[in-house]
2 protein chains.
Amino acid sequence: MVTLAEVAQHAGVSASTVSYVLSGKRSISTGTRQRVEESIRELGYHPNAGARALASSRSNIIALMIPLRTDMYVPVMMEIAIAVATTARTHGYDVLLLTGEEGPDAVRRVTGSGLADAMILMDVELDDERLPLLRGTDQPSVLIGLPADTSGLTCVDLDFRATGALCVEHLAKLGHRDIAVIGEAPAVYERHTGFAERTLDGLRSRAQELGVRLLHRPCDGGYDAMAVTLARVLDERPSTTGFVVQNEQAVEPLLALLRQQGRAIPEDVSVVAICPEQVAVQASVRLTSVAIPAQEMGRHALERLVAKLEGRGEDEVVLIEPELTVRASTGPAPSVS
Amino acid sequence: MVTLAEVAQHAGVSASTVSYVLSGKRSISTGTRQRVEESIRELGYHPNAGARALASSRSNIIALMIPLRTDMYVPVMMEIAIAVATTARTHGYDVLLLTGEEGPDAVRRVTGSGLADAMILMDVELDDERLPLLRGTDQPSVLIGLPADTSGLTCVDLDFRATGALCVEHLAKLGHRDIAVIGEAPAVYERHTGFAERTLDGLRSRAQELGVRLLHRPCDGGYDAMAVTLARVLDERPSTTGFVVQNEQAVEPLLALLRQQGRAIPEDVSVVAICPEQVAVQASVRLTSVAIPAQEMGRHALERLVAKLEGRGEDEVVLIEPELTVRASTGPAPSVS
DNA sequence: AGTCCGTGTCGAAGCGCTTCGACAACCTAT
DNA sequence: ATAGGTTGTCGAAGCGCTTCGACACGGACT
């Protein structure tokens, strides 16, 4: 294990000089700098993380709390996590992975121990129990997702209300007057995860504005659940010609079931999905969809956080503008015959 | 920020005593211990991670390198990562998330800086360039996946060779004599990720033993790729009645396409999948499958690693026994008519 | 010539913890 | 009673780094 002191000796300078070469916090003559850098390379020196953290009270680590539930919108979570991790590296940070399991205690532990300099929370509930802790500490944090009360917090999220509105708009413009919304799993609503409710809000209010009828049903993933839900929907509103699906895991089942019933997409029914790009493209019908920009969310969150760490950047709510991509799953509503 | 010294003062003992209460490395009288513990609670003390790491040269952090590619077997990766993280906590460790992006440098950085005490590598290639580094350091590590040469390494993986064998066996026993294997994406084979090749090995050798004909085709995920692949397979081997699918993303497309061609599952063709339990259960047909035990792999890997950190535990290769669960997608081969 | 300032370097203190050796106090076996 | 062993506690020395103040030096001013 090579130490700063050894590098200093090798380069014929003092330890502090080496430190300043590394941090750039004081000016160093070109000659000295080069000599030091050469020594560092030659000896294969890596600064000791613990010592650094102790002396500077900065760990250069960012904590990322991901939800424990591995059964929901997994690819999105993963993509966000990866985006956070890779972006973090470009700013000199590493990422500590915390699962929701510990709950609020994890926040206490991390801030208390100086393990991380800042944290990113995913899967934020409307009234999340971790929020008071975040407000009560001066450790910077960013939420991915939107709680009910965002005062004093920095949040990054897709604008799900606008997303909902966009979907309705698209279908309405095509002449659909009866739209069914296949929502997330009931558990998601029960947990009051904001995004699902906000999507619904956006759907409903735009539907009302446009005079479109909306029927919303939560739905678990998988074929069986989707079959039951679809049957109920069509029973209650046989005139339904447009679908908005928010549960990734229900997308493919819905398409298959519709097809199976002899309803052609998009001739008889149109389907808009709210899902990652990849799902929309790989589905059995190229889906008109609003993409969930997981990568962008992760990157954004991290960059906001770094800004806060560097003293720039206020608390603010960043809502990413949704974009609807028209593909092959939507078309004009069938004319009433 | 409460320090050890403050706790010591509050409890009326020396700093070292508090430290020993915390670590349990020396015996402490019950009275003293209780007093100290009370002070800790009262003051809300959390040991400083950096100081601890510096003094003890142990960070209590485990690095987890996950693949960068977010488009492949994502749920499996995520589940492993979560299992690693939660299991780590039960042993007092935290998990640092590294993406493959940095490549071998990440290994150098982490071992060099003492950022982590040990590491877990996922997505190991047969001849992975990180392996020499691992062998050259005394930092413990565990691979999830199996490289070509496992000497001096600890590896945890599903026994994919046995998995392949199991699939063929099951189909053969049902009377299928012509089996098509829908493999992972071509890119996976090109990267020489061991598991895909080992599965194929197992499939082939058992097929030969049982006198079954095998046709293997790599296949990207999604409908289009699957459609092309399936057409080729059926063209080349019209007598195919059994399928083994290894690419999660191809499962549903395959089922849909078969159905679309009027081939009933399992009456006309049988399908065995190698995929996470959830995929098998949620598919449009309940799939006979060999589960990829992601959680178990993550937990196992972590526990091996902790064992090594504690001086117990040798280098060894742990192959998890595959289990085939019969569901509704396989049945007797149609009698030749 | 003397003063002032900016630049580059160094020494030393200290971050909060672990751990080693020392030692007082007590208990047991002679 | 005395030697020998436990048991519980303390003080002090670092772990490897950052950072502050000091200072030497040379150039640009009066």
# chains A, B, ... in the order shown; residues from 1 in each chain; ligands from 1

call {"tool": "interface_residues", "arguments": {"of": "chain A", "to": "chain D", "cutoff": "8 Å", "atoms": "only C-alpha atoms (C1' of nucleotides)", "output": "MDAnalysis selection string"}}
result
chainID A and resid 3:4 19 48 51:52 54:56

call {"tool": "write_last_selection", "arguments": {"atoms": "N, CA and C atoms", "output": "short mmCIF file (atom, residue, chain, number, x, y, z; two decimals), in the first residue's frame"}}
result
data_model
loop_
_atom_site.label_atom_id
_atom_site.label_comp_id
_atom_site.auth_asym_id
_atom_site.auth_seq_id
_atom_site.Cartn_x
_atom_site.Cartn_y
_atom_site.Cartn_z
N THR A 3 1.71 5.13 0.17
CA THR A 3 1.09 6.28 0.84
C THR A 3 1.57 7.60 0.23
N LEU A 4 0.85 8.63 0.60
CA LEU A 4 1.20 9.98 0.18
C LEU A 4 2.65 10.28 0.52
N SER A 19 -0.32 16.52 -1.86
CA SER A 19 -1.75 16.68 -1.65
C SER A 19 -2.31 17.81 -2.52
N ASN A 48 -5.79 6.86 -0.07
CA ASN A 48 -6.63 6.02 0.79
C ASN A 48 -7.95 6.71 1.09
N ALA A 51 -8.76 7.68 4.90
CA ALA A 51 -7.97 8.80 5.39
C ALA A 51 -8.49 10.10 4.80
N ARG A 52 -8.75 10.04 3.55
CA ARG A 52 -9.26 11.19 2.85
C ARG A 52 -10.59 11.65 3.46
N LEU A 54 -11.72 11.04 6.38
CA LEU A 54 -11.54 11.53 7.75
C LEU A 54 -11.01 12.96 7.74
N ALA A 55 -9.99 13.18 6.95
CA ALA A 55 -9.35 14.49 6.97
C ALA A 55 -10.23 15.58 6.35
N SER A 56 -10.96 15.22 5.34
CA SER A 56 -11.70 16.26 4.62
C SER A 56 -13.18 16.29 4.97
#

call {"tool": "closest_atom_pairs", "arguments": {"of": "chain B", "to": "chain A", "cutoff": "6 Å", "atoms": "only C-alpha atoms", "output": "Markdown table"}}
result
| residue | atom | partner | partner_atom | distance |
| --- | --- | --- | --- | --- |
| B:His46 | CA | A:Ser113 | CA | 5.2 |
| B:Pro47 | CA | A:Ser113 | CA | 5.5 |
| B:Asn48 | CA | A:Ser113 | CA | 4.4 |
| B:Ala49 | CA | A:Ser113 | CA | 5.4 |
| B:Gly50 | CA | A:Gly50 | CA | 4.4 |
| B:Ala51 | CA | A:Leu54 | CA | 5.2 |
| B:Ala53 | CA | A:Gly50 | CA | 5.1 |
| B:Leu54 | CA | A:Gly50 | CA | 4.8 |
| B:Val95 | CA | A:Leu97 | CA | 5.4 |
| B:Leu96 | CA | A:Leu96 | CA | 4.4 |
| B:Leu97 | CA | A:Val95 | CA | 5.4 |
| B:Gly112 | CA | A:His46 | CA | 5.3 |
| B:Ser113 | CA | A:Asn48 | CA | 4.4 |
| B:Gly114 | CA | A:Asn48 | CA | 5.9 |
| B:Leu115 | CA | A:Ala49 | CA | 5.5 |
| B:Gly222 | CA | A:Gln282 | CA | 4.5 |
| B:Tyr223 | CA | A:Ser284 | CA | 5.6 |
| B:Gln282 | CA | A:Gly222 | CA | 4.5 |
| B:Ser284 | CA | A:Tyr223 | CA | 5.6 |

call {"tool": "write_last_selection", "arguments": {"atoms": "all heavy atoms", "output": "CSV table (one decimal), in the first residue's frame"}}
result
chain,number,residue,atom,x,y,z
B,46,HIS,N,-23.2,7.9,16.0
B,46,HIS,CA,-22.9,7.0,14.9
B,46,HIS,C,-21.4,7.1,14.6
B,46,HIS,O,-20.9,8.2,14.4
B,46,HIS,CB,-23.7,7.4,13.6
B,46,HIS,CG,-25.1,7.1,13.7
B,46,HIS,ND1,-25.6,5.9,13.3
B,46,HIS,CD2,-26.2,7.8,14.1
B,46,HIS,CE1,-26.9,5.9,13.4
B,46,HIS,NE2,-27.3,7.0,13.9
B,47,PRO,N,-20.7,6.0,14.7
B,47,PRO,CA,-19.3,6.0,14.5
B,47,PRO,C,-19.0,6.6,13.1
B,47,PRO,O,-19.7,6.3,12.1
B,47,PRO,CB,-18.9,4.5,14.5
B,47,PRO,CG,-20.0,3.8,15.0
B,47,PRO,CD,-21.2,4.6,14.9
B,48,ASN,N,-17.9,7.4,13.0
B,48,ASN,CA,-17.6,7.9,11.7
B,48,ASN,C,-16.9,6.9,10.8
B,48,ASN,O,-15.9,6.3,11.2
B,48,ASN,CB,-16.6,9.1,11.9
B,48,ASN,CG,-16.3,9.8,10.7
B,48,ASN,OD1,-17.0,10.7,10.2
B,48,ASN,ND2,-15.2,9.3,10.0
B,49,ALA,N,-17.5,6.7,9.7
B,49,ALA,CA,-17.0,5.7,8.8
B,49,ALA,C,-15.6,5.9,8.3
B,49,ALA,O,-14.8,4.9,8.3
B,49,ALA,CB,-18.0,5.6,7.6
B,50,GLY,N,-15.2,7.1,8.0
B,50,GLY,CA,-13.9,7.3,7.5
B,50,GLY,C,-12.8,7.0,8.6
B,50,GLY,O,-11.9,6.4,8.3
B,51,ALA,N,-13.1,7.5,9.7
B,51,ALA,CA,-12.1,7.3,10.8
B,51,ALA,C,-12.0,5.9,11.1
B,51,ALA,O,-10.9,5.3,11.3
B,51,ALA,CB,-12.6,8.1,12.1
B,53,ALA,N,-12.5,3.4,9.1
B,53,ALA,CA,-11.8,2.8,8.0
B,53,ALA,C,-10.3,3.0,8.1
B,53,ALA,O,-9.5,2.1,7.9
B,53,ALA,CB,-12.3,3.3,6.6
B,54,LEU,N,-10.0,4.3,8.4
B,54,LEU,CA,-8.6,4.6,8.5
B,54,LEU,C,-7.9,3.8,9.6
B,54,LEU,O,-6.8,3.3,9.4
B,54,LEU,CB,-8.4,6.1,8.8
B,54,LEU,CG,-7.0,6.6,9.0
B,54,LEU,CD1,-6.1,6.2,7.8
B,54,LEU,CD2,-7.0,8.1,9.2
B,95,VAL,N,-22.9,-1.8,0.4
B,95,VAL,CA,-22.5,-2.2,-0.9
B,95,VAL,C,-22.2,-1.0,-1.8
B,95,VAL,O,-23.0,-0.1,-1.9
B,95,VAL,CB,-23.6,-3.1,-1.6
B,95,VAL,CG1,-23.3,-3.3,-3.0
B,95,VAL,CG2,-23.7,-4.4,-0.8
B,96,LEU,N,-21.1,-1.0,-2.5
B,96,LEU,CA,-20.8,0.0,-3.4
B,96,LEU,C,-21.1,-0.4,-4.8
B,96,LEU,O,-20.6,-1.5,-5.2
B,96,LEU,CB,-19.3,0.4,-3.3
B,96,LEU,CG,-18.8,1.7,-3.9
B,96,LEU,CD1,-19.3,2.8,-2.9
B,96,LEU,CD2,-17.3,1.7,-4.0
B,97,LEU,N,-21.8,0.4,-5.6
B,97,LEU,CA,-22.2,0.0,-6.9
B,97,LEU,C,-21.2,0.4,-8.0
B,97,LEU,O,-21.1,1.6,-8.2
B,97,LEU,CB,-23.6,0.5,-7.1
B,97,LEU,CG,-24.3,0.1,-8.4
B,97,LEU,CD1,-24.7,-1.4,-8.2
B,97,LEU,CD2,-25.6,0.9,-8.6
B,112,GLY,N,-6.9,-0.4,-4.5
B,112,GLY,CA,-5.8,0.5,-4.2
B,112,GLY,C,-6.2,1.5,-3.1
B,112,GLY,O,-5.4,1.9,-2.3
B,113,SER,N,-7.4,1.9,-3.2
B,113,SER,CA,-7.8,3.0,-2.3
B,113,SER,C,-8.4,2.5,-1.0
B,113,SER,O,-8.7,3.3,-0.1
B,113,SER,CB,-8.9,3.9,-3.0
B,113,SER,OG,-10.0,3.1,-3.2
B,114,GLY,N,-8.6,1.2,-0.9
B,114,GLY,CA,-9.2,0.7,0.3
B,114,GLY,C,-10.7,1.1,0.5
B,114,GLY,O,-11.2,1.1,1.6
B,115,LEU,N,-11.3,1.5,-0.7
B,115,LEU,CA,-12.6,1.9,-0.6
B,115,LEU,C,-13.5,0.8,-0.2
B,115,LEU,O,-14.5,0.9,0.5
B,115,LEU,CB,-13.1,2.3,-2.1
B,115,LEU,CG,-13.7,3.6,-2.3
B,115,LEU,CD1,-14.2,3.7,-3.7
B,115,LEU,CD2,-14.8,3.9,-1.3
B,222,GLY,N,-37.4,-9.6,-28.6
B,222,GLY,CA,-38.4,-8.9,-29.4
B,222,GLY,C,-39.1,-9.7,-30.5
B,222,GLY,O,-38.6,-10.8,-30.8
B,223,TYR,N,-40.1,-9.2,-31.0
B,223,TYR,CA,-41.0,-10.0,-31.9
B,223,TYR,C,-40.3,-10.2,-33.3
B,223,TYR,O,-40.3,-11.3,-33.9
B,223,TYR,CB,-42.3,-9.4,-32.1
B,223,TYR,CG,-43.2,-9.8,-31.0
B,223,TYR,CD1,-43.1,-9.1,-29.8
B,223,TYR,CD2,-44.1,-10.8,-31.1
B,223,TYR,CE1,-43.9,-9.5,-28.7
B,223,TYR,CE2,-44.9,-11.2,-30.1
B,223,TYR,CZ,-44.8,-10.6,-28.9
B,223,TYR,OH,-45.6,-11.0,-27.9
B,282,GLN,N,-45.8,-15.6,-15.2
B,282,GLN,CA,-46.6,-14.5,-15.8
B,282,GLN,C,-46.8,-14.6,-17.3
B,282,GLN,O,-47.5,-13.8,-17.9
B,282,GLN,CB,-46.0,-13.2,-15.5
B,282,GLN,CG,-46.2,-12.7,-14.1
B,282,GLN,CD,-46.1,-11.2,-13.9
B,282,GLN,OE1,-45.8,-10.5,-14.9
B,282,GLN,NE2,-46.5,-10.7,-12.7
B,284,SER,N,-48.0,-16.0,-21.0
B,284,SER,CA,-49.3,-16.3,-21.5
B,284,SER,C,-49.7,-17.8,-21.3
B,284,SER,O,-50.8,-18.1,-21.2
B,284,SER,CB,-49.5,-15.8,-22.9
B,284,SER,OG,-48.5,-16.4,-23.7

call {"tool": "interface_residues", "arguments": {"of": "chain A", "to": "chain C", "cutoff": "7 Å", "atoms": "only C-alpha atoms (C1' of nucleotides)", "output": "JSON, numbers by chain"}}
result
{"A": [14, 17, 27, 28, 29, 54, 55]}

call {"tool": "select_by_dssp", "arguments": {"residues": "region 56-219 of chain B", "states": "alpha helix (DSSP H)", "output": "ChimeraX atom specification"}}
result
/B:56,74-90,104-113,131-135,160-173,186-190,194-210

call {"tool": "atom_distance", "arguments": {"atom1": "CA of Ser329 (chain B)", "atom2": "CA of Glu184 (chain B)"}}
result
19.9 Å

call {"tool": "residues_around", "arguments": {"residues": "Leu210 (chain B)", "least_positions_apart": "6", "cutoff": "10 Å", "atoms": "only C-alpha atoms (C1' of nucleotides)", "output": "JSON, numbers by chain"}}
result
{"B": [168, 169, 172, 173, 177, 204]}

call {"tool": "write_last_selection", "arguments": {"atoms": "N, CA and C atoms", "output": "short mmCIF file (atom, residue, chain, number, x, y, z; two decimals), in the first residue's frame"}}
result
data_model
loop_
_atom_site.label_atom_id
_atom_site.label_comp_id
_atom_site.auth_asym_id
_atom_site.auth_seq_id
_atom_site.Cartn_x
_atom_site.Cartn_y
_atom_site.Cartn_z
N VAL B 168 -33.23 -30.83 -21.93
CA VAL B 168 -33.28 -31.85 -22.98
C VAL B 168 -33.92 -33.12 -22.45
N GLU B 169 -33.49 -33.48 -21.26
CA GLU B 169 -34.01 -34.69 -20.64
C GLU B 169 -35.52 -34.67 -20.55
N ALA B 172 -37.03 -34.97 -23.92
CA ALA B 172 -36.80 -36.30 -24.49
C ALA B 172 -37.73 -37.32 -23.84
N LYS B 173 -37.87 -37.18 -22.54
CA LYS B 173 -38.71 -38.11 -21.81
C LYS B 173 -40.16 -38.04 -22.30
N ARG B 177 -38.14 -35.58 -30.26
CA ARG B 177 -36.89 -36.03 -30.86
C ARG B 177 -36.19 -34.93 -31.63
N ARG B 204 -26.30 -29.98 -25.63
CA ARG B 204 -25.77 -30.81 -26.71
C ARG B 204 -25.35 -32.18 -26.23
#

call {"tool": "select_by_dssp", "arguments": {"residues": "region 59-292 of chain B", "states": "strand (DSSP E or B)", "output": "PyMOL selection string"}}
result
chain B and resi 61-66+94-99+118-121+125+141-144+155-158+178-182+193+213-217+242-245+270-275+288-291

call {"tool": "atom_distance", "arguments": {"atom1": "CA of Pro218 (chain A)", "atom2": "CA of Leu200 (chain A)"}}
result
10.5 Å

call {"tool": "residues_around", "arguments": {"residues": "His10 (chain B)", "least_positions_apart": "3", "cutoff": "10 Å", "atoms": "only C-alpha atoms (C1' of nucleotides)", "output": "PyMOL selection string"}}
result
chain B and resi 4-7+13-14+35-36+38-40+42-43

call {"tool": "atom_distance", "arguments": {"atom1": "CA of Glu267 (chain A)", "atom2": "CA of Ile182 (chain A)"}}
result
19.5 Å

call {"tool": "residues_around", "arguments": {"residues": "Ala231 (chain A)", "least_positions_apart": "5", "cutoff": "12 Å", "atoms": "only C-alpha atoms (C1' of nucleotides)", "output": "ChimeraX atom specification"}}
result
/A:180,217,223-226,236-238,240,254,257-258,261

call {"tool": "residues_around", "arguments": {"residues": "Phe160 (chain B)", "least_positions_apart": "3", "cutoff": "9 Å", "atoms": "only C-alpha atoms (C1' of nucleotides)", "output": "list in words"}}
result
Asp157, Thr163, Gly164, Ala165, Phe195, Ala196, Glu197, Arg198, Thr199, Leu200, Asp201, Gly202, Leu319, Ile320, Glu321 and Pro322 of chain B
